[in-house]
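File shown: input22.txt (compact mmCIF, C-alpha atoms (C1' of nucleotides)).
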```txt
# COMPACT_ATOMS: atom_id res chain seq x y z
CA MET A 23 109.45 114.90 108.22
CA LEU A 24 109.17 118.26 106.56
CA ASN A 25 105.41 118.44 106.49
CA HIS A 26 103.16 118.29 109.54
CA MET A 27 100.61 115.62 110.05
CA VAL A 28 97.87 118.14 109.66
CA LEU A 29 98.83 118.52 106.02
CA ASP A 30 97.85 114.92 105.44
CA ARG A 31 94.32 115.69 106.57
CA SER A 32 92.99 116.99 103.31
CA PRO A 33 89.49 116.08 102.18
CA THR A 34 90.48 117.25 98.71
CA LEU A 35 93.37 114.82 98.46
CA ASP A 36 91.10 112.13 99.89
CA ARG A 37 88.64 112.67 97.06
CA VAL A 38 91.27 112.97 94.35
CA PHE A 39 93.18 109.84 95.33
CA HIS A 40 89.94 107.95 95.77
CA ALA A 41 88.83 109.07 92.33
CA LEU A 42 92.06 107.78 90.84
CA ALA A 43 91.75 104.41 92.56
CA HIS A 44 89.41 102.94 89.94
CA PRO A 45 90.51 101.92 86.44
CA ALA A 46 87.29 103.10 84.82
CA ARG A 47 87.79 106.56 86.25
CA ARG A 48 91.42 106.70 85.18
CA SER A 49 90.31 105.65 81.72
CA ILE A 50 87.76 108.46 81.65
CA LEU A 51 90.35 111.02 82.67
CA ARG A 52 92.73 109.81 79.99
CA ARG A 53 90.15 110.14 77.30
CA LEU A 54 89.12 113.57 78.51
CA SER A 55 92.69 114.79 78.18
CA ASP A 56 92.16 114.52 74.45
CA LYS A 57 88.94 116.40 74.04
CA GLU A 58 85.64 117.26 75.61
CA GLN A 59 83.24 114.30 75.53
CA ASN A 60 79.67 113.64 76.51
CA LEU A 61 78.54 110.88 78.84
CA SER A 62 77.57 108.48 76.07
CA GLU A 63 80.99 108.72 74.50
CA LEU A 64 82.66 108.30 77.88
CA SER A 65 80.55 105.31 78.85
CA ALA A 66 80.75 103.51 75.50
CA PRO A 67 84.16 101.79 75.96
CA LEU A 68 83.48 100.85 79.59
CA LYS A 69 82.15 97.38 80.26
CA MET A 70 79.31 98.52 82.49
CA SER A 71 75.86 100.06 82.27
CA PHE A 72 75.35 103.68 81.40
CA PRO A 73 74.20 104.71 84.90
CA ALA A 74 77.30 103.06 86.38
CA ALA A 75 79.54 105.10 84.09
CA SER A 76 77.55 108.19 84.94
CA LYS A 77 78.26 107.59 88.64
CA HIS A 78 81.98 107.35 87.95
CA VAL A 79 81.89 110.69 86.17
CA ARG A 80 80.11 112.15 89.17
CA VAL A 81 82.85 110.89 91.48
CA LEU A 82 85.40 112.62 89.26
CA GLU A 83 83.29 115.76 89.35
CA HIS A 84 83.14 115.76 93.14
CA ALA A 85 86.91 115.44 93.20
CA GLY A 86 87.09 118.54 91.01
CA LEU A 87 88.72 116.60 88.18
CA VAL A 88 85.87 117.00 85.71
CA ARG A 89 83.65 119.93 84.83
CA ARG A 90 80.42 119.48 82.94
CA ARG A 91 78.63 121.85 80.64
CA ILE A 92 75.12 121.04 79.57
CA GLN A 93 74.31 121.67 75.95
CA GLY A 94 70.90 120.56 74.81
CA ARG A 95 70.46 116.97 75.89
CA GLN A 96 74.17 116.32 76.10
CA HIS A 97 76.38 116.79 79.12
CA LEU A 98 79.79 117.72 77.82
CA CYS A 99 82.62 116.89 80.19
CA ARG A 100 86.06 118.38 80.20
CA LEU A 101 89.11 117.64 82.28
CA ASN A 102 90.21 119.95 85.05
CA ALA A 103 93.71 118.82 85.85
CA SER A 104 94.67 121.12 88.69
CA PRO A 105 93.67 118.68 91.47
CA LEU A 106 95.93 116.18 89.71
CA LYS A 107 98.76 118.59 90.28
CA ASP A 108 98.00 118.57 93.99
CA ALA A 109 98.17 114.78 93.99
CA ALA A 110 101.37 114.83 91.97
CA ASP A 111 102.90 117.37 94.33
CA TRP A 112 102.05 115.23 97.34
CA THR A 113 103.66 112.13 95.88
CA GLN A 114 106.66 114.10 94.62
CA GLY A 115 107.33 114.89 98.27
CA PHE A 116 108.63 111.32 98.46
CA ARG A 117 110.90 111.54 95.46
CA ASP A 118 114.04 111.55 97.60
CA GLN A 119 112.82 108.29 99.06
CA TRP A 120 112.45 106.35 95.85
CA GLU A 121 115.72 107.75 94.58
CA LYS A 122 117.48 106.76 97.76
CA ARG A 123 118.25 103.31 96.43
CA PHE A 124 120.74 104.94 94.09
CA GLU A 125 122.51 106.49 97.03
CA VAL A 126 122.74 103.07 98.61
CA LEU A 127 124.18 101.60 95.41
CA GLU A 128 126.68 104.43 95.21
CA GLU A 129 127.72 103.81 98.78
CA LEU A 130 128.15 100.13 98.09
CA LEU A 131 130.17 100.85 94.97
CA ALA A 132 132.39 103.29 96.84
CA GLU A 133 132.91 100.71 99.54
CA MET A 134 133.90 98.04 97.03
CA GLN A 135 136.36 100.35 95.34
CA GLN A 136 137.78 101.29 98.72
CA LYS A 137 138.39 97.62 99.51
CA GLU A 138 139.87 96.91 96.13
CA GLU A 139 142.40 99.68 96.53
CA THR A 140 143.62 98.53 99.95
CA GLY A 141 143.46 95.07 98.31
CA THR A 142 146.73 93.07 98.78
CA GLN A 143 146.28 91.44 102.18
CA ALA A 144 144.15 88.30 101.85
CA LYS A 145 142.06 88.48 104.96
CA SER A 146 139.06 90.72 105.36
CA VAL A 147 138.84 91.17 101.62
CA ARG A 148 135.15 90.59 101.86
CA GLY A 149 133.75 90.91 105.31
CA PRO A 150 130.00 90.94 105.90
CA ALA A 151 128.98 94.37 104.65
CA SER A 152 128.99 97.57 106.65
CA LYS A 153 126.66 96.59 109.47
CA MET B 26 95.73 110.07 74.06
CA LEU B 27 99.23 108.63 74.20
CA ASN B 28 98.45 105.72 76.50
CA HIS B 29 95.89 103.02 75.77
CA MET B 30 92.95 102.36 77.98
CA VAL B 31 94.43 99.06 78.96
CA LEU B 32 97.18 100.89 80.78
CA ASP B 33 94.62 102.33 83.14
CA ARG B 34 93.67 98.82 84.22
CA SER B 35 96.32 98.31 86.84
CA PRO B 36 95.47 96.57 90.12
CA THR B 37 98.71 97.98 91.50
CA LEU B 38 97.72 101.57 90.83
CA ASP B 39 94.27 100.76 92.20
CA ARG B 40 95.80 99.67 95.49
CA VAL B 41 98.32 102.50 95.68
CA PHE B 42 95.81 105.26 94.99
CA HIS B 43 93.32 103.67 97.34
CA ALA B 44 96.00 103.49 100.03
CA LEU B 45 96.71 107.19 99.58
CA ALA B 46 93.05 108.13 99.81
CA HIS B 47 92.96 108.12 103.62
CA PRO B 48 94.57 110.82 105.78
CA ALA B 49 95.67 108.34 108.45
CA ARG B 50 97.54 106.32 105.86
CA ARG B 51 99.17 109.38 104.33
CA SER B 52 100.21 110.40 107.84
CA ILE B 53 101.77 107.00 108.41
CA LEU B 54 103.70 107.18 105.16
CA ARG B 55 104.98 110.63 106.02
CA ARG B 56 106.25 109.52 109.39
CA LEU B 57 107.87 106.44 107.89
CA SER B 58 109.85 108.60 105.49
CA ASP B 59 111.78 109.72 108.54
CA LYS B 60 112.69 106.42 110.09
CA GLU B 61 111.59 102.88 110.70
CA GLN B 62 108.80 102.72 113.30
CA ASN B 63 106.84 100.00 115.02
CA LEU B 64 103.06 99.77 115.09
CA SER B 65 102.71 101.37 118.53
CA GLU B 66 104.66 104.41 117.44
CA LEU B 67 102.69 104.63 114.23
CA SER B 68 99.33 104.28 115.90
CA ALA B 69 100.04 106.68 118.80
CA PRO B 70 99.27 109.99 117.04
CA LEU B 71 96.20 108.62 115.27
CA LYS B 72 92.83 109.23 116.85
CA MET B 73 91.68 105.65 116.61
CA SER B 74 92.15 102.30 118.31
CA PHE B 75 95.33 100.31 117.91
CA PRO B 76 93.70 97.58 115.79
CA ALA B 77 92.30 100.23 113.47
CA ALA B 78 95.76 101.69 112.95
CA SER B 79 97.12 98.20 112.42
CA LYS B 80 94.60 97.68 109.63
CA HIS B 81 95.72 100.87 107.92
CA VAL B 82 99.30 99.67 107.99
CA ARG B 83 98.16 96.43 106.42
CA VAL B 84 96.45 98.31 103.61
CA LEU B 85 99.72 100.14 102.96
CA GLU B 86 101.55 96.83 103.02
CA HIS B 87 99.21 95.29 100.45
CA ALA B 88 99.84 98.29 98.25
CA GLY B 89 103.56 97.58 98.54
CA LEU B 90 104.20 100.91 100.23
CA VAL B 91 105.31 99.45 103.55
CA ARG B 92 107.53 96.51 104.44
CA ARG B 93 107.54 95.03 107.90
CA ARG B 94 110.31 93.24 109.72
CA ILE B 95 109.49 91.43 112.93
CA GLN B 96 111.97 91.85 115.72
CA GLY B 97 110.99 90.31 119.01
CA ARG B 98 107.52 91.48 119.86
CA GLN B 99 107.79 94.58 117.69
CA HIS B 100 106.86 94.86 114.05
CA LEU B 101 109.17 97.42 112.54
CA CYS B 102 107.79 99.12 109.46
CA ARG B 103 109.73 100.89 106.80
CA LEU B 104 108.66 102.83 103.77
CA ASN B 105 108.99 101.39 100.29
CA ALA B 106 108.49 104.35 98.01
CA SER B 107 108.75 102.76 94.58
CA PRO B 108 104.98 102.30 94.14
CA LEU B 109 104.68 105.99 94.93
CA LYS B 110 106.85 106.62 91.91
CA ASP B 111 104.38 104.70 89.77
CA ALA B 112 101.56 106.87 91.08
CA ALA B 113 103.61 110.02 90.53
CA ASP B 114 104.45 108.92 86.99
CA TRP B 115 100.81 108.32 86.21
CA THR B 116 99.74 111.74 87.39
CA GLN B 117 102.72 113.40 85.71
CA GLY B 118 101.24 112.13 82.47
CA PHE B 119 98.76 114.98 82.86
CA ARG B 120 101.32 117.67 83.51
CA ASP B 121 100.78 119.22 80.10
CA GLN B 122 97.14 119.55 81.02
CA TRP B 123 97.56 121.51 84.20
CA GLU B 124 100.22 123.66 82.60
CA LYS B 125 98.03 124.32 79.59
CA ARG B 126 96.41 127.30 81.19
CA PHE B 127 99.78 129.02 80.99
CA GLU B 128 100.04 128.26 77.30
CA VAL B 129 96.65 129.81 76.80
CA LEU B 130 97.71 132.89 78.70
CA GLU B 131 100.92 133.09 76.68
CA GLU B 132 99.00 132.81 73.45
CA LEU B 133 96.65 135.51 74.55
CA LEU B 134 99.53 137.72 75.56
CA ALA B 135 101.34 137.07 72.28
CA GLU B 136 98.20 137.88 70.39
CA MET B 137 97.73 141.14 72.25
CA GLN B 138 101.33 142.14 71.62
CA GLN B 139 100.97 141.17 67.98
CA LYS B 140 97.98 143.43 67.61
CA GLU B 141 99.73 146.26 69.32
CA GLU B 142 102.77 145.98 67.04
CA THR B 143 101.02 145.70 63.69
CA GLY B 144 98.64 148.23 65.12
CA THR B 145 96.74 149.64 62.17
CA GLN B 146 95.55 146.69 60.07
CA ALA B 147 93.30 144.39 62.05
CA LYS B 148 92.81 141.22 59.92
CA SER B 149 94.81 137.97 59.52
CA VAL B 150 97.43 138.90 62.08
CA ARG B 151 97.40 135.43 63.64
CA GLY B 152 95.56 132.41 62.44
CA PRO B 153 94.23 129.95 65.06
CA ALA B 154 97.28 128.44 66.80
CA SER B 155 99.50 125.59 65.52
CA LYS B 156 96.98 122.75 65.38
C1' DA C 11 106.48 83.75 138.09
C1' DG C 12 103.80 87.61 137.15
C1' DA C 13 102.98 92.00 134.95
C1' DT C 14 103.56 94.84 130.95
C1' DT C 15 104.12 95.75 126.19
C1' DT C 16 103.27 94.73 121.44
C1' DA C 17 100.56 92.99 118.20
C1' DT C 18 96.91 89.72 115.99
C1' DA C 19 92.28 87.76 115.51
C1' DA C 20 87.46 87.50 115.59
C1' DA C 21 82.95 89.34 115.89
C1' DC C 22 80.27 92.97 115.02
C1' DC C 23 78.49 97.29 113.01
C1' DA C 24 77.17 101.43 110.15
C1' DA C 25 78.29 103.47 106.07
C1' DC C 26 79.94 103.47 101.52
C1' DT C 27 81.14 101.32 96.77
C1' DG C 28 80.18 99.68 92.55
C1' DG C 29 77.19 97.49 90.09
C1' DT C 30 72.33 96.28 88.34
C1' DT C 31 67.41 97.23 86.51
C1' DG C 32 63.31 99.93 85.52
C1' DA C 33 60.89 104.20 85.14
C1' DC C 34 61.03 108.78 83.66
C1' DA C 35 62.31 113.56 81.67
C1' DA C 36 64.07 116.41 78.15
C1' DT C 37 65.92 117.25 73.62
C1' DT C 38 66.38 116.32 68.90
C1' DC C 39 65.36 113.91 64.58
C1' DC C 40 61.99 112.51 60.98
C1' DG D 13 53.23 114.06 66.69
C1' DG D 14 56.04 110.08 67.39
C1' DA D 15 60.52 107.89 67.84
C1' DA D 16 65.16 107.88 69.16
C1' DT D 17 68.94 109.76 71.93
C1' DT D 18 70.88 111.38 76.17
C1' DG D 19 70.82 111.42 80.72
C1' DT D 20 68.83 111.30 85.77
C1' DC D 21 66.71 109.05 89.62
C1' DA D 22 65.31 105.52 92.79
C1' DA D 23 65.43 100.98 94.49
C1' DC D 24 68.02 97.25 95.30
C1' DC D 25 72.04 94.27 96.19
C1' DA D 26 76.53 92.05 97.43
C1' DG D 27 80.90 93.20 98.90
C1' DT D 28 84.21 96.35 101.05
C1' DT D 29 85.76 100.00 104.34
C1' DG D 30 86.71 101.79 108.55
C1' DG D 31 85.80 101.68 112.92
C1' DT D 32 84.74 99.38 117.57
C1' DT D 33 85.39 95.87 121.53
C1' DT D 34 86.93 91.64 123.57
C1' DA D 35 89.96 87.92 123.84
C1' DT D 36 94.44 85.97 123.03
C1' DA D 37 99.41 85.16 121.97
C1' DA D 38 104.16 86.18 122.35
C1' DA D 39 108.11 88.72 124.03
C1' DT D 40 110.21 91.50 127.58
C1' DC D 41 110.82 93.46 132.12
C1' DT D 42 111.17 93.14 137.23
```
Go ahead and render the structure in this file as structure tokens.
Amino acid sequence: MLNHMVLDRSPTLDRVFHALAHPARRSILRRLSDKEQNLSELSAPLKMSFPAASKHVRVLEHAGLVRRRIQGRQHLCRLNASPLKDAADWTQGFRDQWEKRFEVLEELLAEMQQKEETGTQAKSVRGPASK
Amino acid sequence: MLNHMVLDRSPTLDRVFHALAHPARRSILRRLSDKEQNLSELSAPLKMSFPAASKHVRVLEHAGLVRRRIQGRQHLCRLNASPLKDAADWTQGFRDQWEKRFEVLEELLAEMQQKEETGTQAKSVRGPASK
DNA sequence: AGATTTATAAACCAACTGGTTGACAATTCC
DNA sequence: GGAATTGTCAACCAGTTGGTTTATAAATCT
């Protein structure tokens, strides 16, 4: 456990992960990675009312993932990806874990080869695995 | 926009990101990356009742991040990190975005150097970048 | 057998989410 | 000036979250 528990208490990560936990908001982020867009454009493809979409954008804003710039009657939104990096960094802290299964496979393979080499005697060719 | 909107509609990602959006649950995951632990051990450092901690573990389970194995009266929990990889992959899709600021800086730097080299004549030194 | 440990279940609660509709304000188009 | 576009706000609502407490079940210890 390299990181202390206190590092998991991060209101920022709370907000970012929560923001990512809704498909509509992920869709908005995706589309913003292309180009700046106003609320009407962002809400158009979503199957919900305009105010609902507007709320989702606000959630993204509060998570620091979206910045808005008002120009006339339009609110132009652009992506701010740096909080996404924080989220990515947090999850990457577990990379060893999800790669571990390869280690296990390698171990198993090594074990099988080991047994094959010492092969000739019939008994104990395949015992119940390591444990 | 390389990925379609439909790819953002993923109940699995919904559950994983939602699971990560609470500090207690992130703390649990962290501690499980060390070793298998039962519910009492997991709940001990959390400032909440045992049933509350138990509920958090269940949320992690439903997100596929934790597997439990009952042994006597203890429920031993272990981490299953593969859904974390999915989350990491999703966020990594924005890596270009949060690295873009460096590109901009590099461009700016290049432009400044350009101007310094060609010194005397000011115009048409660099058109607007690639795109 | 009785006490302790480990965990679930149920009832309850306040707060928040995610959606709706309707009214309104400001900007831009004709 | 009047109409259309863009967006906010407020009220409302059903469902979920995140926590509590109390009661209960099952396994283990003495």
Go ahead and align chain B to chain A (same sequence, so just pair every C-alpha in order, least squares) and export the moved chain as a PDB file with C-alpha atoms, in the coordinates of the input.
```
ATOM      1  CA  MET B  26     110.024 111.741 108.231  1.00  0.00           C
ATOM      2  CA  LEU B  27     110.003 115.204 106.698  1.00  0.00           C
ATOM      3  CA  ASN B  28     106.243 115.689 106.682  1.00  0.00           C
ATOM      4  CA  HIS B  29     104.037 115.544 109.762  1.00  0.00           C
ATOM      5  CA  MET B  30     101.245 113.090 110.145  1.00  0.00           C
ATOM      6  CA  VAL B  31      98.760 115.885 109.926  1.00  0.00           C
ATOM      7  CA  LEU B  32      99.713 116.383 106.311  1.00  0.00           C
ATOM      8  CA  ASP B  33      98.412 112.936 105.523  1.00  0.00           C
ATOM      9  CA  ARG B  34      94.967 113.986 106.715  1.00  0.00           C
ATOM     10  CA  SER B  35      93.737 115.565 103.531  1.00  0.00           C
ATOM     11  CA  PRO B  36      90.143 115.034 102.386  1.00  0.00           C
ATOM     12  CA  THR B  37      91.237 116.274  98.972  1.00  0.00           C
ATOM     13  CA  LEU B  38      93.877 113.592  98.572  1.00  0.00           C
ATOM     14  CA  ASP B  39      91.365 111.074  99.907  1.00  0.00           C
ATOM     15  CA  ARG B  40      88.952 111.960  97.124  1.00  0.00           C
ATOM     16  CA  VAL B  41      91.586 112.148  94.399  1.00  0.00           C
ATOM     17  CA  PHE B  42      93.190 108.810  95.221  1.00  0.00           C
ATOM     18  CA  HIS B  43      89.796 107.206  95.621  1.00  0.00           C
ATOM     19  CA  ALA B  44      88.761 108.594  92.237  1.00  0.00           C
ATOM     20  CA  LEU B  45      91.859 107.075  90.658  1.00  0.00           C
ATOM     21  CA  ALA B  46      91.242 103.683  92.221  1.00  0.00           C
ATOM     22  CA  HIS B  47      88.751 102.559  89.564  1.00  0.00           C
ATOM     23  CA  PRO B  48      89.744 101.585  86.012  1.00  0.00           C
ATOM     24  CA  ALA B  49      86.626 103.138  84.478  1.00  0.00           C
ATOM     25  CA  ARG B  50      87.457 106.469  86.060  1.00  0.00           C
ATOM     26  CA  ARG B  51      91.086 106.325  84.979  1.00  0.00           C
ATOM     27  CA  SER B  52      89.857 105.534  81.471  1.00  0.00           C
ATOM     28  CA  ILE B  53      87.591 108.564  81.538  1.00  0.00           C
ATOM     29  CA  LEU B  54      90.406 110.825  82.669  1.00  0.00           C
ATOM     30  CA  ARG B  55      92.659 109.521  79.931  1.00  0.00           C
ATOM     31  CA  ARG B  56      90.101 110.200  77.249  1.00  0.00           C
ATOM     32  CA  LEU B  57      89.411 113.662  78.626  1.00  0.00           C
ATOM     33  CA  SER B  58      93.079 114.558  78.325  1.00  0.00           C
ATOM     34  CA  ASP B  59      92.491 114.511  74.593  1.00  0.00           C
ATOM     35  CA  LYS B  60      89.462 116.715  74.295  1.00  0.00           C
ATOM     36  CA  GLU B  61      86.253 117.799  75.920  1.00  0.00           C
ATOM     37  CA  GLN B  62      83.606 115.055  75.738  1.00  0.00           C
ATOM     38  CA  ASN B  63      79.991 114.694  76.737  1.00  0.00           C
ATOM     39  CA  LEU B  64      78.622 111.945  78.953  1.00  0.00           C
ATOM     40  CA  SER B  65      77.416 109.778  76.061  1.00  0.00           C
ATOM     41  CA  GLU B  66      80.846 109.767  74.491  1.00  0.00           C
ATOM     42  CA  LEU B  67      82.463 109.038  77.820  1.00  0.00           C
ATOM     43  CA  SER B  68      80.108 106.232  78.705  1.00  0.00           C
ATOM     44  CA  ALA B  69      80.137 104.547  75.265  1.00  0.00           C
ATOM     45  CA  PRO B  70      83.351 102.502  75.627  1.00  0.00           C
ATOM     46  CA  LEU B  71      82.588 101.476  79.205  1.00  0.00           C
ATOM     47  CA  LYS B  72      80.960  98.121  79.772  1.00  0.00           C
ATOM     48  CA  MET B  73      78.255  99.428  82.047  1.00  0.00           C
ATOM     49  CA  SER B  74      74.959 101.287  81.916  1.00  0.00           C
ATOM     50  CA  PHE B  75      74.803 104.982  81.174  1.00  0.00           C
ATOM     51  CA  PRO B  76      73.758 105.947  84.721  1.00  0.00           C
ATOM     52  CA  ALA B  77      76.677 103.969  86.110  1.00  0.00           C
ATOM     53  CA  ALA B  78      79.099 105.876  83.902  1.00  0.00           C
ATOM     54  CA  SER B  79      77.416 109.113  84.903  1.00  0.00           C
ATOM     55  CA  LYS B  80      78.075 108.286  88.548  1.00  0.00           C
ATOM     56  CA  HIS B  81      81.755 107.730  87.836  1.00  0.00           C
ATOM     57  CA  VAL B  82      81.972 111.132  86.211  1.00  0.00           C
ATOM     58  CA  ARG B  83      80.365 112.616  89.290  1.00  0.00           C
ATOM     59  CA  VAL B  84      82.966 110.993  91.517  1.00  0.00           C
ATOM     60  CA  LEU B  85      85.672 112.574  89.361  1.00  0.00           C
ATOM     61  CA  GLU B  86      83.880 115.896  89.600  1.00  0.00           C
ATOM     62  CA  HIS B  87      83.739 115.747  93.396  1.00  0.00           C
ATOM     63  CA  ALA B  88      87.451 115.068  93.391  1.00  0.00           C
ATOM     64  CA  GLY B  89      87.912 118.225  91.331  1.00  0.00           C
ATOM     65  CA  LEU B  90      89.350 116.276  88.418  1.00  0.00           C
ATOM     66  CA  VAL B  91      86.529 117.054  86.004  1.00  0.00           C
ATOM     67  CA  ARG B  92      84.581 120.222  85.279  1.00  0.00           C
ATOM     68  CA  ARG B  93      81.318 120.139  83.406  1.00  0.00           C
ATOM     69  CA  ARG B  94      79.744 122.788  81.238  1.00  0.00           C
ATOM     70  CA  ILE B  95      76.156 122.340  80.154  1.00  0.00           C
ATOM     71  CA  GLN B  96      75.415 123.195  76.572  1.00  0.00           C
ATOM     72  CA  GLY B  97      71.915 122.444  75.413  1.00  0.00           C
ATOM     73  CA  ARG B  98      71.118 118.887  76.333  1.00  0.00           C
ATOM     74  CA  GLN B  99      74.769 117.868  76.473  1.00  0.00           C
ATOM     75  CA  HIS B 100      77.025 118.011  79.487  1.00  0.00           C
ATOM     76  CA  LEU B 101      80.501 118.673  78.202  1.00  0.00           C
ATOM     77  CA  CYS B 102      83.252 117.482  80.503  1.00  0.00           C
ATOM     78  CA  ARG B 103      86.802 118.649  80.568  1.00  0.00           C
ATOM     79  CA  LEU B 104      89.784 117.538  82.559  1.00  0.00           C
ATOM     80  CA  ASN B 105      91.121 119.607  85.427  1.00  0.00           C
ATOM     81  CA  ALA B 106      94.508 118.117  86.145  1.00  0.00           C
ATOM     82  CA  SER B 107      95.686 120.207  89.079  1.00  0.00           C
ATOM     83  CA  PRO B 108      94.488 117.743  91.745  1.00  0.00           C
ATOM     84  CA  LEU B 109      96.469 115.119  89.869  1.00  0.00           C
ATOM     85  CA  LYS B 110      99.524 117.233  90.517  1.00  0.00           C
ATOM     86  CA  ASP B 111      98.800 117.090  94.235  1.00  0.00           C
ATOM     87  CA  ALA B 112      98.606 113.307  94.050  1.00  0.00           C
ATOM     88  CA  ALA B 113     101.796 113.157  91.993  1.00  0.00           C
ATOM     89  CA  ASP B 114     103.567 115.428  94.473  1.00  0.00           C
ATOM     90  CA  TRP B 115     102.530 113.240  97.364  1.00  0.00           C
ATOM     91  CA  THR B 116     103.833 110.083  95.761  1.00  0.00           C
ATOM     92  CA  GLN B 117     106.995 111.831  94.575  1.00  0.00           C
ATOM     93  CA  GLY B 118     107.739 112.360  98.244  1.00  0.00           C
ATOM     94  CA  PHE B 119     108.719 108.691  98.245  1.00  0.00           C
ATOM     95  CA  ARG B 120     110.971 108.864  95.226  1.00  0.00           C
ATOM     96  CA  ASP B 121     114.087 108.490  97.339  1.00  0.00           C
ATOM     97  CA  GLN B 122     112.605 105.280  98.645  1.00  0.00           C
ATOM     98  CA  TRP B 123     112.056 103.557  95.350  1.00  0.00           C
ATOM     99  CA  GLU B 124     115.411 104.750  94.093  1.00  0.00           C
ATOM    100  CA  LYS B 125     117.139 103.539  97.229  1.00  0.00           C
ATOM    101  CA  ARG B 126     117.695 100.108  95.821  1.00  0.00           C
ATOM    102  CA  PHE B 127     120.064 101.704  93.332  1.00  0.00           C
ATOM    103  CA  GLU B 128     121.991 103.377  96.116  1.00  0.00           C
ATOM    104  CA  VAL B 129     122.355 100.032  97.797  1.00  0.00           C
ATOM    105  CA  LEU B 130     123.612  98.490  94.594  1.00  0.00           C
ATOM    106  CA  GLU B 131     126.042 101.367  94.105  1.00  0.00           C
ATOM    107  CA  GLU B 132     127.337 100.977  97.622  1.00  0.00           C
ATOM    108  CA  LEU B 133     127.794  97.297  97.102  1.00  0.00           C
ATOM    109  CA  LEU B 134     129.576  97.895  93.837  1.00  0.00           C
ATOM    110  CA  ALA B 135     131.793 100.564  95.393  1.00  0.00           C
ATOM    111  CA  GLU B 136     132.612  98.232  98.218  1.00  0.00           C
ATOM    112  CA  MET B 137     133.549  95.435  95.850  1.00  0.00           C
ATOM    113  CA  GLN B 138     135.763  97.750  93.826  1.00  0.00           C
ATOM    114  CA  GLN B 139     137.320  99.062  97.015  1.00  0.00           C
ATOM    115  CA  LYS B 140     138.220  95.566  98.087  1.00  0.00           C
ATOM    116  CA  GLU B 141     139.637  94.747  94.723  1.00  0.00           C
ATOM    117  CA  GLU B 142     141.846  97.852  94.711  1.00  0.00           C
ATOM    118  CA  THR B 143     143.271  97.623  98.215  1.00  0.00           C
ATOM    119  CA  GLY B 144     143.387  93.929  97.547  1.00  0.00           C
ATOM    120  CA  THR B 145     145.691  92.478 100.172  1.00  0.00           C
ATOM    121  CA  GLN B 146     144.614  93.901 103.540  1.00  0.00           C
ATOM    122  CA  ALA B 147     141.036  93.001 104.351  1.00  0.00           C
ATOM    123  CA  LYS B 148     140.040  95.093 107.426  1.00  0.00           C
ATOM    124  CA  SER B 149     138.639  98.637 107.870  1.00  0.00           C
ATOM    125  CA  VAL B 150     138.445  99.361 104.166  1.00  0.00           C
ATOM    126  CA  ARG B 151     135.002 100.951 104.471  1.00  0.00           C
ATOM    127  CA  GLY B 152     133.096 101.672 107.600  1.00  0.00           C
ATOM    128  CA  PRO B 153     129.276 101.385 107.491  1.00  0.00           C
ATOM    129  CA  ALA B 154     128.036 104.103 105.107  1.00  0.00           C
ATOM    130  CA  SER B 155     127.550 107.823 105.889  1.00  0.00           C
ATOM    131  CA  LYS B 156     124.877 107.627 108.583  1.00  0.00           C
TER     132      LYS B 156
END
```
Quick one: everything within 10 Å of region 12-21 of chain C, counting all atoms listed in the file, minus sequence neighbours fewer than 3 positions away in the same chain. Send it as a PDB file with C-alpha atoms (C1' of nucleotides), in the frame of the given file.
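Okay, this is what ended up in part31.pdb:
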```pdb
ATOM      1  CA  ASN B  63     106.840 100.000 115.020  1.00  0.00           C
ATOM      2  CA  LEU B  64     103.060  99.770 115.090  1.00  0.00           C
ATOM      3  CA  SER B  65     102.710 101.370 118.530  1.00  0.00           C
ATOM      4  CA  PHE B  75      95.330 100.310 117.910  1.00  0.00           C
ATOM      5  CA  PRO B  76      93.700  97.580 115.790  1.00  0.00           C
ATOM      6  CA  SER B  79      97.120  98.200 112.420  1.00  0.00           C
ATOM      7  CA  GLY B  97     110.990  90.310 119.010  1.00  0.00           C
ATOM      8  CA  ARG B  98     107.520  91.480 119.860  1.00  0.00           C
ATOM      9  CA  GLN B  99     107.790  94.580 117.690  1.00  0.00           C
ATOM     10  CA  HIS B 100     106.860  94.860 114.050  1.00  0.00           C
TER      11      HIS B 100
ATOM     12  C1'  DT D  33      85.390  95.870 121.530  1.00  0.00           C
ATOM     13  C1'  DT D  34      86.930  91.640 123.570  1.00  0.00           C
ATOM     14  C1'  DA D  35      89.960  87.920 123.840  1.00  0.00           C
ATOM     15  C1'  DT D  36      94.440  85.970 123.030  1.00  0.00           C
ATOM     16  C1'  DA D  37      99.410  85.160 121.970  1.00  0.00           C
ATOM     17  C1'  DA D  38     104.160  86.180 122.350  1.00  0.00           C
ATOM     18  C1'  DA D  39     108.110  88.720 124.030  1.00  0.00           C
ATOM     19  C1'  DT D  40     110.210  91.500 127.580  1.00  0.00           C
ATOM     20  C1'  DC D  41     110.820  93.460 132.120  1.00  0.00           C
ATOM     21  C1'  DT D  42     111.170  93.140 137.230  1.00  0.00           C
TER      22       DT D  42
END
```
Using the file's own x, y and z axes, so that the box edges lie along x, y and z, what centre and edge lengths in Å (one decimal) does a box around every listed atom of region 114-126 of chain B get when 3 Å is added on each side? Give it as JSON.
```
{"center_x": 100.4, "center_y": 117.8, "center_z": 83.5, "size_x": 14.0, "size_y": 25.0, "size_z": 13.8}
```
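Across the model, the gap from CA of Pro108 (chain B) to CA of Met70 (chain A) is 28.4 Å.
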If we count all atoms listed in the file and set the cut-off at 10 Å, which residues sit around region 25-28 of chain C, ignoring sequence neighbours fewer than 2 positions away in its own chain? Please answer as a short mmCIF file (atom, residue, chain, number, x, y, z; two decimals) with C-alpha atoms (C1' of nucleotides), in the coordinates of the input.
```cif
data_model
loop_
_atom_site.label_atom_id
_atom_site.label_comp_id
_atom_site.auth_asym_id
_atom_site.auth_seq_id
_atom_site.Cartn_x
_atom_site.Cartn_y
_atom_site.Cartn_z
CA ALA A 74 77.30 103.06 86.38
CA LYS A 77 78.26 107.59 88.64
CA HIS A 78 81.98 107.35 87.95
"C1'" DC C 23 78.49 97.29 113.01
"C1'" DT C 30 72.33 96.28 88.34
"C1'" DA D 26 76.53 92.05 97.43
"C1'" DG D 27 80.90 93.20 98.90
"C1'" DT D 28 84.21 96.35 101.05
"C1'" DT D 29 85.76 100.00 104.34
"C1'" DG D 30 86.71 101.79 108.55
#
```
